[in-house]
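See structure below.
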Amino acid sequence: MNATAPAGALRIGVLGPLEVRARDEDRTPTAPMARRALALLLLNANRLVSTSSLIEELWEADPPRLARKTVQTYVYQMRKALRCPADPHERVRTAPGGYRIDLRPGELDLWEFDHAVVRARTALSEGDPRTAATLLREALALWRGEPFAGLETGPMLTAQIAQIAEARLSALELRITADLQLGRHRGLVGELLQVTADHPLNEEFTAHLMLATHRSGQRATALEAFTRLRRRLVDELGIEPSERLQKLQRDVLSESLPQPAAPPAMQPGAPSPPPPGTPSTPPGDAPAHTSPVTQSPPPVSPFPPPYRPAPQGPAAGTVTPAGTRPRAAITTSRQLPLDIPDFTGRVAEMARLAALAGPAAADPAGSPRHHGAPASTASAASADATAPSDPTGTASGAGPDAGPGTGPRVLVILGPAGVGKTALAVHGAHQLAPYFPDGTLYTRLHDAQDRPRGAAAALGTLLRGLGLDTAGLPEDTDELSGMFRAASSGRSLLVMLDDAASTDQVLPLLPADGHSLALVTSRVRLPGLPGARSLSLGPLSPADAAAFFTRLAGAERLAADRDLLERVTGLMGNFPLTLRTVGEKFAARPMWTLPDLARGLTNDGHLAAELHDEACDVLARASGAVARLPQSLHRALSVLASAGPDTFDITTARRLLGGDTWSTQSVLGQLLDHHVILTAHQSAQQSTGTPDAGTPEYRVPELIRLVFPSPDDAQLHVLPTPSTNPRLHPHTVAGVLTATG
């Protein structure tokens with residue numbers, strides 16, 4: 001903490017377990033929920049936090065009846081903890097609609113960390129790596145472990161803590177860059193061997209290791225580092241290292257790396273730096289999560305720099321927010337949710353995502369150039385476009401042609417509820433993030449009540465992520481969109497837009513040009529997005545589904561019968577969300593056996609009961625997808641779902657829906673657009689890698705089908721049962737319409 005703060009001052013530490021001290025006395029609240037509420041206020045210090053946000057963080061979708069009174073109790077506990085006899089001012093204040101905590105400079109270790117990193121970036125950009133390295137060591141020494149270690153977190157805290165983790169990793173990269181500029185190559189080798197082991201897919205750390213070992217006379221170790229990273233990238237993601245890293249390998253092979261410049265002389269009286277191998281981070285290199293850190297022009301890197309246009313003012317007619325800083329000072333934000341530690345399978349889809357994230361490759365006639373993806377990827381992505389695997393465009397010679405003269409790259413991941421769109425997007429975005437050095441932005445496009453967010457609200461989130469002061473922003477969406485384009489122009493950003501509702505919602509949120517990538521997930525097809533490429537996600541393959549379920553449920557209880565295991569996962573539709581819920585329950589139910597589970601899941605009512613869980617109500621999630629349908633499609637889906645789990649063709653659908661062939665095809669097409677029915681070949685391709693030929697057949701995914709009424713066990717389902725009116729046949733549109741209202 002700040003050594004210059006007066007004795008007895010309030011000191012709060014969040015870069016490790018939450019710690020509140022006043023007059024050197026531990027005043028940390030002991031109640032877990034009070035600590036959680038305090039954490040949210042601390043990460044939004046000196047700003048209002050609404051009561052509804054506190055309730056959502058504490059209880060998510062299931063608050064108690066007296067939630068507001070309970071929040072008041074936690075606020076009282078916080079005030080007690082933060083009260084100092086020498087300071088009569090109340091730190092936690094009630095404001096209209098919520099609460100705010102007032103903090104001063106030197107009282108929060110996170111602010112000290114951010115401030116030191118900003119000063120270090122400035123020093124490095126001004127050619128003073130010695131000062132930068134010293135400041136970064138001091139900043140990283142503030143860490144005592146993972147931020148808010150041991151604290152159970154809700155959705156908002158989880159997202160903010162993820163940013164803190166990214167900022168710490170960025171500070172570590174920056175400190176190593178400064179040490180390399182100072183010629184401390186030999187002393188860095190041991191630390192970099194450990195860091196690359198902890199972050200095996202991080203190309204920046206591998207480049208640092210290659211540079212340090214090569215300049216220490218360990219050329220073989222440098223080449224081994226490249227080989228090790230390439231093997232991991234190919235085996236796990238199906239992609240090659242970036243062109244920049246490949247060039248570094250060629251330079252090591254040819255011994256053509258330039259010699260480092262002589263480090264600047266130490267100023268008289270300056271403190272001696274610690275040895276290069278001195279740990280500047282807590283044991284285990286715990287992941288950090290922090291608020292964005294303001295960044296000056298990027299520091300020198302062992303990579304050749306990606307293409308960047310010359311700085312330029314905003315285009316004529318572009319709205320520029322008053323009082324904003326120069327473009328070079330815009331924050332580098334790392335807003336992605338935490339990566340998925342148990343992400344399983346999807347090898348073809350990940351490779352396809354990496355290919356589609358690159359710049360468009362068109363032949364002279366203007367038609368997309370196809371690169372012959374393996375047949376197994378056909379269900380993972382539409383065949384409308386492919387691209388080189390380097391998403392920056394530097395490997396394919398994109399250069400200026402992929403810059404301001406082109407629109408942003410847009411990749412849309414489509415699929416039904418529970419199929420794992422967000423998980424794939426988050427996992428893929430973490431792998432792609434190093435290719436977008438100006439930052440990663442994230443926003444959800446539905447609120448906690450599953451209502452579409454307005455574009456203006458989402459733009460506010462994105463502009464704050466870029467470090468702009470949003471206090472006096474206009475309310476007009478077009479003006480806000482112009483500000484976002486001006487702020488993102490010429491920058492290399494990855495912008496993830498999760499759970500989009502419509503094209504009109506997405507269009508104002510797109511960055512300015514082809515240097516950036518917009519990664520969009522949606523349950524509904526989004527026509528009219530210029531240049532967008534799509535990746536349609538189906539269920540996991542049987543092998544991947546079995547492997548994922550085994551990771552969740554425990555291999556020791558499932559190893560006996562592989563065929564039965566794949567049958568069990570098939571009964572859950574091979575949907576990751578369903579597999580996670582049932583797999584975690586299986587692990588917690590020692591009385592269950594795999595044959596018991598197989599017998600139980602053949603009953604839709606039993607499966608529905610297991611999916612209706614307090615912690616993760618999967619049926620409610622699926623019900624939300626159904627509720628977004630127009631009423632006419634909702635009725636048609638009810639009829640098709642009530643017909644059972646079997647596939648159906650156009651003739652069967654026409655008989656069930658009672659229309660002519662054209663209208664039946666139109667309805668099925670719209671249901672496919674909303675991803676509440678699937679073509680039968682999507683499941684077949686996941687199993688065999690080869691699409692089925694012949695008459696198209698369709699099916700309602702198990703998760704969607706369970707939302708609808710069952711005559712056997714109506715109370716287990718989210719929607720009311722048509723059998724409540726026995727005079728109406730459940731397989732008719734009239735019956736479903738009357739029964740469901």
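Labels for the structure tokens follow display order: chains A, B, ..., residues from 1 in each chain, ligands from 1.
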**Selection: 7 Å around A:Val524, only C-alpha atoms, excl. self and same-chain fewer than 3 positions, as a PyMOL selection string** = chain A and resi 414+673-675
Those selected residues, please, written with N, CA, C and O atoms and delivered as an mmCIF file, in the first residue's frame.
```cif
data_model
loop_
_atom_site.group_PDB
_atom_site.id
_atom_site.type_symbol
_atom_site.label_atom_id
_atom_site.label_comp_id
_atom_site.auth_asym_id
_atom_site.auth_seq_id
_atom_site.Cartn_x
_atom_site.Cartn_y
_atom_site.Cartn_z
ATOM 1 N N LEU A 414 -23.732 -18.610 -34.625
ATOM 2 C CA LEU A 414 -25.165 -18.861 -34.517
ATOM 3 C C LEU A 414 -25.415 -20.235 -33.910
ATOM 4 O O LEU A 414 -24.617 -21.158 -34.090
ATOM 5 N N ASP A 673 -34.148 -20.059 -38.705
ATOM 6 C CA ASP A 673 -33.477 -18.775 -38.471
ATOM 7 C C ASP A 673 -33.307 -18.499 -36.984
ATOM 8 O O ASP A 673 -32.305 -17.916 -36.558
ATOM 9 N N HIS A 674 -34.306 -18.901 -36.185
ATOM 10 C CA HIS A 674 -34.256 -18.666 -34.742
ATOM 11 C C HIS A 674 -33.543 -19.804 -34.000
ATOM 12 O O HIS A 674 -33.413 -19.752 -32.768
ATOM 13 N N HIS A 675 -33.114 -20.838 -34.741
ATOM 14 C CA HIS A 675 -32.365 -21.961 -34.161
ATOM 15 C C HIS A 675 -33.126 -22.661 -33.034
ATOM 16 O O HIS A 675 -32.538 -23.074 -32.033
#
```
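Interatomic distance, atom CA of A:Leu151 to atom CA of A:Arg36: 6.9 Å.
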**Request:** Skip stretch 128-136 of chain A itself and residues of its chain fewer than 2 positions away, then list as a list in words all residues within 8 Å of it, counting only C-alpha atoms.
**Result:**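 Selected residues are Ala116, Val117, Arg119, Ala120, Arg121, Thr122, Ala123, Leu124, Ser125, Glu126, Glu138, Ala139, Leu140, Ala171, Leu172, Leu174, Arg175, Ile176, Ala178, Asp179, Gln181, Leu182, Pro264, Met266 and Pro273 of chain A.
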**Asked** In terms of the shortest atom-to-atom distance over only C-alpha atoms, which of A:Asn574, A:Thr344, A:Ser534, A:Ser502 is closest to A:Val410?
**Response** A:Ser534
**Prompt:** Of the candidates A:Glu349, A:Asp235, A:Asp438, A:Asp478, which one gets nearest to A:Gly490 if we count only C-alpha atoms?
**Reply:** A:Asp438
**Message:** My list of candidates is A:Ala553, A:Leu41, A:Ala225, A:Ala518. Which is closest to A:Leu597 when distances are computed with only C-alpha atoms?
**Reply:** A:Ala553
**Request:** Once DSSP has gone over the backbone, tell me which residues of stretch 410-602 of chain A are in helix (DSSP H, G or I), as a count of residues only.
**Result:** 91
